[in-house]
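Engineer: Please find entry25.tsv (TSV, C-alpha atoms) on the next line:
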chain	number	residue	atom	x	y	z
A	1	MET	CA	-41.34	30.43	-5.56
A	2	THR	CA	-38.39	30.37	-3.16
A	3	THR	CA	-36.04	33.08	-1.94
A	4	GLU	CA	-33.28	31.33	-3.89
A	5	LEU	CA	-35.17	31.83	-7.15
A	6	LEU	CA	-35.88	35.46	-6.30
A	7	ASN	CA	-32.18	35.98	-5.65
A	8	GLU	CA	-31.23	34.30	-8.93
A	9	PHE	CA	-33.62	36.54	-10.85
A	10	TYR	CA	-32.27	39.63	-9.10
A	11	ILE	CA	-28.61	38.83	-9.81
A	12	LEU	CA	-29.39	38.20	-13.48
A	13	SER	CA	-31.46	41.41	-13.68
A	14	ILE	CA	-28.44	43.37	-12.41
A	15	THR	CA	-25.71	41.71	-14.46
A	16	LEU	CA	-27.84	41.06	-17.58
A	17	SER	CA	-25.44	38.24	-18.29
A	18	TYR	CA	-26.17	34.56	-17.77
A	19	SER	CA	-22.47	33.70	-17.50
A	20	GLN	CA	-21.71	36.40	-14.91
A	21	ALA	CA	-24.88	35.68	-12.91
A	22	ALA	CA	-24.21	31.92	-12.91
A	23	GLU	CA	-20.65	32.55	-11.73
A	24	LYS	CA	-21.84	34.77	-8.86
A	25	LEU	CA	-24.49	32.22	-7.88
A	26	PHE	CA	-22.15	29.20	-8.18
A	27	ILE	CA	-24.54	27.38	-10.51
A	28	SER	CA	-24.36	26.45	-14.18
A	29	GLN	CA	-25.81	28.67	-16.92
A	30	SER	CA	-28.18	25.90	-17.94
A	31	THR	CA	-29.52	25.63	-14.38
A	32	LEU	CA	-29.99	29.39	-14.18
A	33	SER	CA	-31.74	29.44	-17.55
A	34	ARG	CA	-34.04	26.63	-16.47
A	35	HIS	CA	-34.90	28.42	-13.23
A	36	ILE	CA	-35.67	31.70	-14.99
A	37	LYS	CA	-37.86	29.91	-17.50
A	38	SER	CA	-39.70	28.23	-14.63
A	39	MET	CA	-40.30	31.62	-12.98
A	40	GLU	CA	-41.65	33.07	-16.22
A	41	GLU	CA	-43.99	30.14	-16.66
A	42	GLU	CA	-45.23	30.48	-13.09
A	43	LEU	CA	-45.81	34.23	-13.48
A	44	ASN	CA	-47.11	33.83	-17.04
A	45	VAL	CA	-44.98	36.74	-18.32
A	46	HIS	CA	-41.62	37.28	-20.01
A	47	LEU	CA	-39.13	38.79	-17.57
A	48	PHE	CA	-36.23	39.02	-20.04
A	49	SER	CA	-35.87	39.64	-23.74
A	50	ARG	CA	-32.97	37.56	-25.06
A	51	SER	CA	-30.91	37.71	-28.22
A	52	THR	CA	-27.59	36.23	-29.30
A	53	ARG	CA	-25.80	39.35	-28.08
A	54	ASN	CA	-27.55	40.62	-24.99
A	55	VAL	CA	-30.17	40.15	-22.29
A	56	VAL	CA	-32.67	42.95	-21.60
A	57	LEU	CA	-35.34	43.28	-18.92
A	58	THR	CA	-38.90	43.57	-20.19
A	59	SER	CA	-41.24	46.15	-18.65
A	60	GLU	CA	-42.69	43.39	-16.45
A	61	GLY	CA	-39.17	42.34	-15.51
A	62	LYS	CA	-38.28	45.89	-14.46
A	63	PHE	CA	-41.43	46.06	-12.33
A	64	PHE	CA	-40.60	42.74	-10.69
A	65	GLN	CA	-36.95	43.72	-10.18
A	66	ALA	CA	-38.02	46.74	-8.13
A	67	GLN	CA	-39.88	44.48	-5.69
A	68	ILE	CA	-37.09	41.96	-5.04
A	69	PRO	CA	-34.91	43.79	-2.46
A	70	ARG	CA	-37.94	44.48	-0.26
A	71	LEU	CA	-39.15	40.89	-0.55
A	72	LEU	CA	-35.74	39.43	0.30
A	73	ARG	CA	-35.30	41.76	3.29
A	74	ARG	CA	-38.71	40.80	4.59
A	75	ALA	CA	-37.97	37.12	4.08
A	76	MET	CA	-34.81	37.35	6.16
A	77	ASN	CA	-36.57	39.29	8.92
A	78	ILE	CA	-39.50	36.91	9.10
A	79	GLU	CA	-37.34	33.79	8.98
A	80	SER	CA	-35.40	35.20	11.91
A	81	ILE	CA	-38.59	35.83	13.86
A	82	LEU	CA	-40.13	32.46	13.03
A	83	SER	CA	-36.98	30.65	14.11
A	84	SER	CA	-36.91	32.40	17.47
A	85	GLU	CA	-38.69	31.33	20.63
A	86	LEU	CA	-41.02	34.31	20.31
A	87	ILE	CA	-43.39	32.36	18.07
A	88	ASN	CA	-44.93	29.25	19.50
A	89	ALA	CA	-47.98	27.37	18.33
A	90	ASP	CA	-50.19	29.02	20.92
A	91	GLY	CA	-51.79	32.38	21.56
A	92	LYS	CA	-54.87	34.27	20.42
A	93	ILE	CA	-55.73	35.72	17.01
A	94	LYS	CA	-58.39	38.41	16.64
A	95	ILE	CA	-60.04	37.85	13.26
A	96	LEU	CA	-62.69	40.16	11.85
A	97	TYR	CA	-64.65	38.83	8.89
A	98	SER	CA	-67.41	39.88	6.51
A	99	ALA	CA	-70.33	37.49	6.12
A	100	GLN	CA	-69.86	37.26	2.36
A	101	THR	CA	-66.31	35.86	2.76
A	102	LEU	CA	-66.82	32.65	4.73
A	103	ASN	CA	-67.25	30.31	1.81
A	104	THR	CA	-66.54	26.58	1.88
A	105	GLY	CA	-62.84	26.91	1.09
A	106	ILE	CA	-62.12	29.42	3.85
A	107	LEU	CA	-64.18	27.51	6.41
A	108	GLN	CA	-62.24	24.36	5.54
A	109	PHE	CA	-58.95	26.22	6.02
A	110	LEU	CA	-60.10	27.54	9.42
A	111	ARG	CA	-61.05	24.03	10.54
A	112	THR	CA	-57.73	22.58	9.33
A	113	PHE	CA	-55.71	25.33	11.01
A	114	GLN	CA	-57.60	24.89	14.28
A	115	GLU	CA	-57.03	21.13	14.21
A	116	GLN	CA	-53.32	21.59	13.51
A	117	TYR	CA	-52.76	24.32	16.12
A	118	GLN	CA	-55.14	23.46	18.93
A	119	ASN	CA	-53.42	25.82	21.39
A	120	ILE	CA	-54.18	28.84	19.20
A	121	SER	CA	-57.52	30.48	19.88
A	122	LEU	CA	-59.26	31.98	16.84
A	123	GLU	CA	-61.40	34.82	18.14
A	124	MET	CA	-63.78	35.27	15.20
A	125	GLU	CA	-65.84	38.46	15.18
A	126	PRO	CA	-68.31	39.29	12.38
A	127	LEU	CA	-68.29	42.74	10.85
A	128	SER	CA	-71.67	44.43	11.07
A	129	ALA	CA	-70.71	46.65	8.13
A	130	PHE	CA	-67.84	47.03	5.69
A	131	PRO	CA	-64.42	47.31	7.37
A	132	ASP	CA	-62.97	50.79	7.46
A	133	ILE	CA	-59.26	51.40	7.81
A	134	ASP	CA	-59.40	51.74	11.61
A	135	LEU	CA	-60.97	48.28	11.94
A	136	ILE	CA	-58.20	46.73	9.87
A	137	TYR	CA	-55.61	48.27	12.19
A	138	SER	CA	-57.51	47.15	15.29
A	139	ALA	CA	-57.41	43.41	14.51
A	140	ASP	CA	-54.73	40.82	13.77
A	141	ILE	CA	-56.46	39.48	10.65
A	142	VAL	CA	-59.34	40.93	8.63
A	143	ILE	CA	-61.07	38.83	5.97
A	144	SER	CA	-62.95	41.14	3.64
A	145	PRO	CA	-64.19	41.49	0.05
A	146	CYS	CA	-62.96	45.10	-0.03
A	147	ASP	CA	-59.79	45.92	-1.95
A	148	TYR	CA	-57.72	48.32	0.16
A	149	ARG	CA	-54.41	47.54	-1.54
A	150	GLY	CA	-52.41	50.67	-2.19
A	151	ILE	CA	-53.91	52.75	0.61
A	152	LEU	CA	-52.75	50.80	3.67
A	153	SER	CA	-49.48	51.36	5.51
A	154	PRO	CA	-46.52	48.98	5.06
A	155	ASP	CA	-47.47	47.33	8.37
A	156	ILE	CA	-50.48	45.68	6.70
A	157	ASP	CA	-49.88	42.75	4.35
A	158	THR	CA	-52.56	41.74	1.87
A	159	LEU	CA	-53.42	38.41	0.30
A	160	LEU	CA	-55.97	37.89	-2.45
A	161	VAL	CA	-57.27	34.63	-1.02
A	162	THR	CA	-59.70	33.63	-3.76
A	163	THR	CA	-62.54	34.82	-5.96
A	164	GLN	CA	-66.06	33.45	-6.04
A	165	SER	CA	-68.67	33.49	-8.76
A	166	ALA	CA	-71.71	35.76	-8.66
A	167	LEU	CA	-75.41	34.99	-8.71
A	168	LEU	CA	-78.42	37.17	-9.38
A	169	ALA	CA	-81.13	37.07	-6.72
A	170	ILE	CA	-84.58	37.75	-8.18
A	171	PRO	CA	-87.99	38.18	-6.51
A	172	PRO	CA	-90.89	35.76	-6.95
A	173	SER	CA	-92.54	35.76	-10.41
A	174	HIS	CA	-89.68	37.69	-12.02
A	175	PRO	CA	-89.37	37.06	-15.80
A	176	PHE	CA	-85.78	35.83	-15.31
A	177	GLY	CA	-87.21	32.86	-13.42
A	178	GLN	CA	-87.36	30.88	-16.66
A	179	GLU	CA	-83.67	31.51	-17.51
A	180	SER	CA	-80.76	29.20	-16.74
A	181	SER	CA	-78.34	32.16	-16.64
A	182	VAL	CA	-78.31	35.89	-17.32
A	183	SER	CA	-75.79	38.46	-18.51
A	184	LEU	CA	-75.24	41.89	-17.03
A	185	PHE	CA	-76.68	43.42	-20.21
A	186	ASP	CA	-79.93	41.62	-19.41
A	187	LEU	CA	-80.28	43.83	-16.32
A	188	ARG	CA	-81.09	46.96	-18.34
A	189	ASN	CA	-84.19	48.71	-17.00
A	190	GLU	CA	-83.97	46.65	-13.79
A	191	THR	CA	-83.64	48.02	-10.25
A	192	LEU	CA	-80.37	46.85	-8.69
A	193	ILE	CA	-80.23	46.72	-4.88
A	194	ILE	CA	-76.75	47.50	-3.55
A	195	PRO	CA	-75.65	46.68	0.03
A	196	TYR	CA	-73.13	49.03	1.68
A	197	GLU	CA	-73.70	51.57	-1.10
A	198	THR	CA	-71.61	54.27	0.63
A	199	ASN	CA	-68.35	52.26	0.50
A	200	PRO	CA	-66.62	52.57	-2.91
A	201	ALA	CA	-64.28	49.67	-2.04
A	202	GLU	CA	-67.19	47.23	-1.68
A	203	PRO	CA	-67.52	44.78	-4.61
A	204	TYR	CA	-71.30	45.31	-4.51
A	205	VAL	CA	-70.68	48.97	-5.32
A	206	GLN	CA	-67.96	48.29	-7.88
A	207	LEU	CA	-70.12	45.70	-9.65
A	208	SER	CA	-72.99	48.20	-9.81
A	209	PHE	CA	-70.84	50.49	-11.98
A	210	ILE	CA	-69.94	47.58	-14.26
A	211	VAL	CA	-73.62	46.69	-14.60
A	212	LYS	CA	-74.60	50.28	-15.37
A	213	ASN	CA	-71.94	50.47	-18.09
A	214	LYS	CA	-73.11	47.15	-19.55
A	215	CYS	CA	-76.68	48.47	-19.59
A	216	TYR	CA	-75.64	51.79	-21.17
A	217	GLY	CA	-76.99	53.63	-18.16
A	218	HIS	CA	-80.45	52.04	-18.31
A	219	LEU	CA	-80.38	50.89	-14.69
A	220	THR	CA	-81.98	52.09	-11.47
A	221	LYS	CA	-79.93	51.65	-8.30
A	222	ILE	CA	-81.14	51.71	-4.71
A	223	GLY	CA	-79.00	51.22	-1.61
A	224	ALA	CA	-79.32	48.99	1.42
A	225	SER	CA	-77.39	49.22	4.67
A	226	THR	CA	-76.66	45.47	4.88
A	227	GLU	CA	-76.93	42.30	2.83
A	228	ASP	CA	-79.84	41.08	4.94
A	229	GLN	CA	-81.79	44.26	4.19
A	230	ALA	CA	-80.99	43.95	0.49
A	231	LEU	CA	-82.19	40.34	0.41
A	232	LEU	CA	-85.41	41.33	2.15
A	233	LEU	CA	-86.00	44.03	-0.47
A	234	VAL	CA	-85.52	41.38	-3.18
A	235	GLU	CA	-88.06	39.11	-1.49
A	236	LEU	CA	-90.53	42.02	-1.36
A	237	GLY	CA	-90.14	42.62	-5.09
A	238	ARG	CA	-88.27	45.91	-4.90
A	239	GLY	CA	-85.49	44.83	-7.27
A	240	VAL	CA	-82.71	42.33	-7.98
A	241	MET	CA	-79.38	41.82	-6.24
A	242	ILE	CA	-75.96	40.45	-7.24
A	243	LEU	CA	-74.49	38.27	-4.49
A	244	PRO	CA	-71.57	35.83	-4.02
A	245	HIS	CA	-72.38	32.21	-4.76
A	246	HIS	CA	-72.11	30.87	-1.22
A	247	LEU	CA	-74.78	33.31	0.04
A	248	LYS	CA	-77.46	31.62	-2.08
A	249	HIS	CA	-78.56	29.74	1.04
A	250	HIS	CA	-79.20	33.04	2.83
A	251	VAL	CA	-81.97	34.22	0.52
A	252	TYR	CA	-85.59	34.28	1.61
A	253	ALA	CA	-88.04	31.49	0.85
A	254	HIS	CA	-89.44	32.76	-2.45
A	255	THR	CA	-86.28	34.41	-3.80
A	256	ARG	CA	-84.52	32.61	-6.66
A	257	THR	CA	-80.86	32.77	-7.68
A	258	ILE	CA	-79.50	32.52	-11.23
A	259	PRO	CA	-75.85	32.30	-12.43
A	260	ILE	CA	-74.38	35.39	-14.11
A	261	SER	CA	-72.44	34.59	-17.27
A	262	ASP	CA	-70.13	37.64	-17.43
A	263	PRO	CA	-66.58	36.60	-16.37
A	264	GLU	CA	-65.82	40.03	-14.89
A	265	CYS	CA	-68.70	39.62	-12.43
A	266	PHE	CA	-67.13	37.99	-9.37
A	267	PHE	CA	-66.46	38.62	-5.69
A	268	PRO	CA	-62.87	38.73	-4.37
A	269	ILE	CA	-61.87	37.74	-0.86
A	270	TYR	CA	-58.88	39.47	0.74
A	271	ALA	CA	-57.03	38.76	3.96
A	272	TYR	CA	-55.28	41.64	5.74
A	273	TYR	CA	-52.57	40.87	8.29
A	274	ASN	CA	-51.54	43.53	10.81
A	275	ARG	CA	-47.83	43.00	11.44
A	276	ASN	CA	-47.76	46.01	13.75
A	277	ASN	CA	-49.35	43.90	16.51
A	278	ASN	CA	-46.30	41.60	16.65
A	279	ASN	CA	-48.59	38.62	17.16
A	280	GLY	CA	-46.63	35.47	16.37
A	281	ALA	CA	-49.75	33.33	16.17
A	282	ALA	CA	-51.25	35.73	13.62
A	283	ALA	CA	-48.02	35.59	11.58
A	284	LEU	CA	-48.27	31.81	11.55
A	285	PHE	CA	-51.95	31.98	10.55
A	286	PHE	CA	-51.28	34.36	7.64
A	287	LYS	CA	-48.31	32.31	6.44
A	288	SER	CA	-50.40	29.12	6.57
A	289	MET	CA	-53.28	30.84	4.78
A	290	THR	CA	-50.98	32.07	2.03
A	291	GLU	CA	-49.43	28.64	1.49
A	292	HIS	CA	-52.89	27.07	1.40
A	293	PHE	CA	-54.46	29.47	-1.08
A	294	GLN	CA	-51.66	30.87	-3.23
A	295	LYS	CA	-51.97	28.13	-5.85
A	296	LYS	CA	-55.70	28.72	-6.11
A	297	ALA	CA	-55.65	32.49	-5.96
A	298	SER	CA	-55.65	33.88	-9.49
A	299	GLU	CA	-56.89	36.99	-11.21
A	300	PRO	CA	-59.28	37.05	-14.19
A	301	ALA	CA	-57.54	36.21	-17.46
A	302	ASP	CA	-58.27	39.58	-19.05
A	303	HIS	CA	-56.25	41.63	-16.54
A	304	ARG	CA	-53.13	43.30	-17.88
A	305	SER	CA	-49.79	41.59	-17.44
A	306	LYS	CA	-48.56	44.28	-15.06
A	307	LEU	CA	-51.48	43.62	-12.76
A	308	ARG	CA	-50.66	39.94	-12.96
A	309	ILE	CA	-47.10	40.71	-11.88
A	310	ALA	CA	-48.38	42.99	-9.09
A	311	LEU	CA	-50.72	40.32	-7.78
A	312	THR	CA	-48.13	37.58	-7.96
A	313	THR	CA	-45.59	39.80	-6.21
A	314	SER	CA	-48.14	40.40	-3.46
A	315	LEU	CA	-48.65	36.66	-3.09
A	316	ILE	CA	-44.93	36.01	-3.01
A	317	CYS	CA	-44.53	38.74	-0.42
A	318	SER	CA	-47.21	37.15	1.70
A	319	ALA	CA	-45.76	33.69	1.24
A	320	LEU	CA	-42.48	34.82	2.72
A	321	ILE	CA	-44.00	35.82	6.05
Kindly present the structure from the file in structure tokens form.
Structural biologist:
Amino acid sequence: MTTELLNEFYILSITLSYSQAAEKLFISQSTLSRHIKSMEEELNVHLFSRSTRNVVLTSEGKFFQAQIPRLLRRAMNIESILSSELINADGKIKILYSAQTLNTGILQFLRTFQEQYQNISLEMEPLSAFPDIDLIYSADIVISPCDYRGILSPDIDTLLVTTQSALLAIPPSHPFGQESSVSLFDLRNETLIIPYETNPAEPYVQLSFIVKNKCYGHLTKIGASTEDQALLLVELGRGVMILPHHLKHHVYAHTRTIPISDPECFFPIYAYYNRNNNNGAAALFFKSMTEHFQKKASEPADHRSKLRIALTTSLICSALI
């Protein structure tokens, strides 16, 4: 989605007249109509309600309209910065990452970016625990499964990079060992081991609440300080653990992993970009990451349409920087 399309939507949302908007934009009404329809198909919502007499914004359209001025201002600012000599394809980027986020897709992007911009040094530093707010502000880029949207300052931009499916890690000789997949309801009366149990933003913690609801409360939960400790407890038969798919190769020798069938059981991966550092290389990295993943990044189908608009707006916002 381009800035031109955003501007066309905004003009139409103000005038609520295809003829007036087309005149202001110096395009035909049919072109404007085609562009608006394309936007609605891309966002998978109706932005306008049309009749023979008038054009009215839908609730999703009103939400989207409120975001446009900020997005267009940011686009102009970033385009100005990117076109200046301040940003060259060199420099250093401090990237903090959680172990559960470096799946195949992200590793491939990192390799591609490094090959394309060989004068940019990616200083990758693993997070020993979940990232708190101070850590996000201390780095250029943070790649994390934690959702901190809504509580960060405007200097931090967020991208939902992707989501990954979940597996259940079970100890040796567990009855689930004969199953090809399990549901969260199947975990009733089990002991669920939860890494980083003190961080409510962690998907491990959030998924534990979903599991407990699915099991009608018939679930025992025990915490672990790290994923490695949780996996060791699974190997020792202390309980089961939900983990992202790409960590299946990190389990101990006798631990088995089984797919989880519930669609709401997944692990998100977010990228946080600290604009306050004024790091041109980091701006280029985040822009490249957004362009690479924005077509793949999608939310679960059962989210409400307003959340879909919010997510897409976030992606558009990121794509413009």
Engineer: Could you state the separation of CA of Asp134 in chain A and CA of Pro203 in chain A in Å, given to one decimal place?
Structural biologist: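 Pair CA of Asp134 in chain A / CA of Pro203 in chain A returns 19.4 Å.
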Engineer: Would you mind reading off the distance between CA of Pro69 in chain A and CA of Leu284 in chain A, one decimal, in Å?
Structural biologist: 22.8 Å
Engineer: Do you know which residues are at most 6 Å from Pro145 in chain A counting all atoms listed in the file, after dropping those on the same chain fewer than 6 positions away, and could you put them as a VMD selection string?
Structural biologist: chain A and resid 268 to 270
Engineer: When you draw a straight line from CA of Leu6 in chain A to CA of Ile68 in chain A, how long is it in Å?
Structural biologist: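 Taking CA of Leu6 in chain A and CA of Ile68 in chain A, their separation equals 6.7 Å.
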Engineer: Using only C-alpha atoms, find the one residue out of A:Ile11, A:Val56, A:Met39, A:Leu232 that sits nearest to His254 in chain A.
Structural biologist: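 The answer is A:Leu232, which sits nearest to His254 in chain A.
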Engineer: Could you check which residues have any atom within 10 Å of (-53.3, 51.0, 6.4), counting only C-alpha atoms with coordinates taken straight from the file, and then list them as a list in words?
Structural biologist: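 The residues near that point, listed by chain and number, are Asp132, Ile133, Asp134, Leu135, Ile136, Tyr137, Tyr148, Arg149, Gly150, Ile151, Leu152, Ser153, Pro154, Asp155, Ile156, Asp157, Tyr272 and Asn274 of chain A.
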Engineer: Set the distance at 8 Å and use all atoms listed in the file: which residues neighbour range 108-112 of chain A once local chain neighbours fewer than 3 positions away are removed? I'd like the list as a list in words.
Structural biologist: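 The filter keeps Thr104, Gly105, Glu115, Gln116, Met289 and His292 of chain A.
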Engineer: Could you add the missing atoms to range 191-202 of chain A, up to all heavy atoms, and return them as a PDB file, in the frame of the given file?
Structural biologist:
ATOM      1  N   THR A 191     -84.056  47.297 -11.454  1.00  0.00           N
ATOM      2  CA  THR A 191     -83.640  48.020 -10.250  1.00  0.00           C
ATOM      3  C   THR A 191     -82.655  47.134  -9.496  1.00  0.00           C
ATOM      4  O   THR A 191     -82.999  46.020  -9.089  1.00  0.00           O
ATOM      5  CB  THR A 191     -84.836  48.345  -9.353  1.00  0.00           C
ATOM      6  OG1 THR A 191     -85.721  49.229 -10.051  1.00  0.00           O
ATOM      7  CG2 THR A 191     -84.376  49.028  -8.066  1.00  0.00           C
ATOM      8  N   LEU A 192     -81.422  47.621  -9.345  1.00  0.00           N
ATOM      9  CA  LEU A 192     -80.370  46.850  -8.690  1.00  0.00           C
ATOM     10  C   LEU A 192     -80.238  47.334  -7.244  1.00  0.00           C
ATOM     11  O   LEU A 192     -80.033  48.520  -6.986  1.00  0.00           O
ATOM     12  CB  LEU A 192     -79.043  47.023  -9.420  1.00  0.00           C
ATOM     13  CG  LEU A 192     -77.857  46.226  -8.867  1.00  0.00           C
ATOM     14  CD1 LEU A 192     -78.100  44.729  -9.027  1.00  0.00           C
ATOM     15  CD2 LEU A 192     -76.563  46.628  -9.576  1.00  0.00           C
ATOM     16  N   ILE A 193     -80.350  46.404  -6.305  1.00  0.00           N
ATOM     17  CA  ILE A 193     -80.230  46.720  -4.880  1.00  0.00           C
ATOM     18  C   ILE A 193     -78.787  46.493  -4.458  1.00  0.00           C
ATOM     19  O   ILE A 193     -78.213  45.428  -4.707  1.00  0.00           O
ATOM     20  CB  ILE A 193     -81.182  45.843  -4.045  1.00  0.00           C
ATOM     21  CG1 ILE A 193     -82.623  46.038  -4.529  1.00  0.00           C
ATOM     22  CG2 ILE A 193     -81.069  46.178  -2.572  1.00  0.00           C
ATOM     23  CD1 ILE A 193     -83.599  45.036  -3.961  1.00  0.00           C
ATOM     24  N   ILE A 194     -78.190  47.504  -3.822  1.00  0.00           N
ATOM     25  CA  ILE A 194     -76.750  47.500  -3.550  1.00  0.00           C
ATOM     26  C   ILE A 194     -76.497  47.631  -2.046  1.00  0.00           C
ATOM     27  O   ILE A 194     -76.723  48.692  -1.459  1.00  0.00           O
ATOM     28  CB  ILE A 194     -76.052  48.666  -4.280  1.00  0.00           C
ATOM     29  CG1 ILE A 194     -76.436  48.671  -5.763  1.00  0.00           C
ATOM     30  CG2 ILE A 194     -74.543  48.575  -4.110  1.00  0.00           C
ATOM     31  CD1 ILE A 194     -76.114  49.959  -6.458  1.00  0.00           C
ATOM     32  N   PRO A 195     -76.034  46.566  -1.390  1.00  0.00           N
ATOM     33  CA  PRO A 195     -75.650  46.680   0.030  1.00  0.00           C
ATOM     34  C   PRO A 195     -74.401  47.564   0.180  1.00  0.00           C
ATOM     35  O   PRO A 195     -73.567  47.636  -0.728  1.00  0.00           O
ATOM     36  CB  PRO A 195     -75.345  45.246   0.434  1.00  0.00           C
ATOM     37  CG  PRO A 195     -75.976  44.390  -0.624  1.00  0.00           C
ATOM     38  CD  PRO A 195     -75.926  45.194  -1.883  1.00  0.00           C
ATOM     39  N   TYR A 196     -74.303  48.212   1.331  1.00  0.00           N
ATOM     40  CA  TYR A 196     -73.130  49.030   1.680  1.00  0.00           C
ATOM     41  C   TYR A 196     -72.810  50.057   0.582  1.00  0.00           C
ATOM     42  O   TYR A 196     -71.660  50.245   0.190  1.00  0.00           O
ATOM     43  CB  TYR A 196     -71.901  48.136   1.910  1.00  0.00           C
ATOM     44  CG  TYR A 196     -72.164  46.949   2.780  1.00  0.00           C
ATOM     45  CD1 TYR A 196     -71.902  45.656   2.334  1.00  0.00           C
ATOM     46  CD2 TYR A 196     -72.681  47.100   4.064  1.00  0.00           C
ATOM     47  CE1 TYR A 196     -72.141  44.551   3.139  1.00  0.00           C
ATOM     48  CE2 TYR A 196     -72.929  45.994   4.876  1.00  0.00           C
ATOM     49  CZ  TYR A 196     -72.660  44.728   4.407  1.00  0.00           C
ATOM     50  OH  TYR A 196     -72.901  43.638   5.204  1.00  0.00           O
ATOM     51  N   GLU A 197     -73.845  50.731   0.087  1.00  0.00           N
ATOM     52  CA  GLU A 197     -73.700  51.570  -1.100  1.00  0.00           C
ATOM     53  C   GLU A 197     -72.785  52.771  -0.880  1.00  0.00           C
ATOM     54  O   GLU A 197     -72.351  53.414  -1.848  1.00  0.00           O
ATOM     55  CB  GLU A 197     -75.076  52.049  -1.582  1.00  0.00           C
ATOM     56  CG  GLU A 197     -75.699  53.176  -0.773  1.00  0.00           C
ATOM     57  CD  GLU A 197     -76.399  52.705   0.496  1.00  0.00           C
ATOM     58  OE1 GLU A 197     -76.251  51.520   0.828  1.00  0.00           O
ATOM     59  OE2 GLU A 197     -77.088  53.510   1.130  1.00  0.00           O
ATOM     60  N   THR A 198     -72.454  53.103   0.377  1.00  0.00           N
ATOM     61  CA  THR A 198     -71.610  54.270   0.630  1.00  0.00           C
ATOM     62  C   THR A 198     -70.121  53.946   0.626  1.00  0.00           C
ATOM     63  O   THR A 198     -69.290  54.841   0.771  1.00  0.00           O
ATOM     64  CB  THR A 198     -71.974  54.900   1.993  1.00  0.00           C
ATOM     65  OG1 THR A 198     -71.766  53.926   3.034  1.00  0.00           O
ATOM     66  CG2 THR A 198     -73.417  55.372   2.009  1.00  0.00           C
ATOM     67  N   ASN A 199     -69.762  52.664   0.472  1.00  0.00           N
ATOM     68  CA  ASN A 199     -68.350  52.260   0.500  1.00  0.00           C
ATOM     69  C   ASN A 199     -67.868  51.945  -0.913  1.00  0.00           C
ATOM     70  O   ASN A 199     -68.194  50.893  -1.462  1.00  0.00           O
ATOM     71  CB  ASN A 199     -68.157  51.047   1.398  1.00  0.00           C
ATOM     72  CG  ASN A 199     -66.700  50.610   1.453  1.00  0.00           C
ATOM     73  OD1 ASN A 199     -65.802  51.363   1.066  1.00  0.00           O
ATOM     74  ND2 ASN A 199     -66.461  49.408   1.927  1.00  0.00           N
ATOM     75  N   PRO A 200     -67.072  52.809  -1.527  1.00  0.00           N
ATOM     76  CA  PRO A 200     -66.620  52.570  -2.910  1.00  0.00           C
ATOM     77  C   PRO A 200     -65.721  51.349  -3.062  1.00  0.00           C
ATOM     78  O   PRO A 200     -65.538  50.853  -4.172  1.00  0.00           O
ATOM     79  CB  PRO A 200     -65.868  53.856  -3.260  1.00  0.00           C
ATOM     80  CG  PRO A 200     -65.458  54.433  -1.942  1.00  0.00           C
ATOM     81  CD  PRO A 200     -66.547  54.071  -0.979  1.00  0.00           C
ATOM     82  N   ALA A 201     -65.144  50.849  -1.952  1.00  0.00           N
ATOM     83  CA  ALA A 201     -64.280  49.670  -2.040  1.00  0.00           C
ATOM     84  C   ALA A 201     -65.065  48.371  -2.048  1.00  0.00           C
ATOM     85  O   ALA A 201     -64.501  47.310  -2.330  1.00  0.00           O
ATOM     86  CB  ALA A 201     -63.288  49.660  -0.863  1.00  0.00           C
ATOM     87  N   GLU A 202     -66.360  48.436  -1.726  1.00  0.00           N
ATOM     88  CA  GLU A 202     -67.190  47.230  -1.680  1.00  0.00           C
ATOM     89  C   GLU A 202     -67.409  46.673  -3.091  1.00  0.00           C
ATOM     90  O   GLU A 202     -67.712  47.422  -4.020  1.00  0.00           O
ATOM     91  CB  GLU A 202     -68.555  47.554  -1.071  1.00  0.00           C
ATOM     92  CG  GLU A 202     -68.719  47.089   0.352  1.00  0.00           C
ATOM     93  CD  GLU A 202     -68.812  45.576   0.468  1.00  0.00           C
ATOM     94  OE1 GLU A 202     -69.070  44.907  -0.542  1.00  0.00           O
ATOM     95  OE2 GLU A 202     -68.628  45.076   1.587  1.00  0.00           O
TER      96      GLU A 202
END
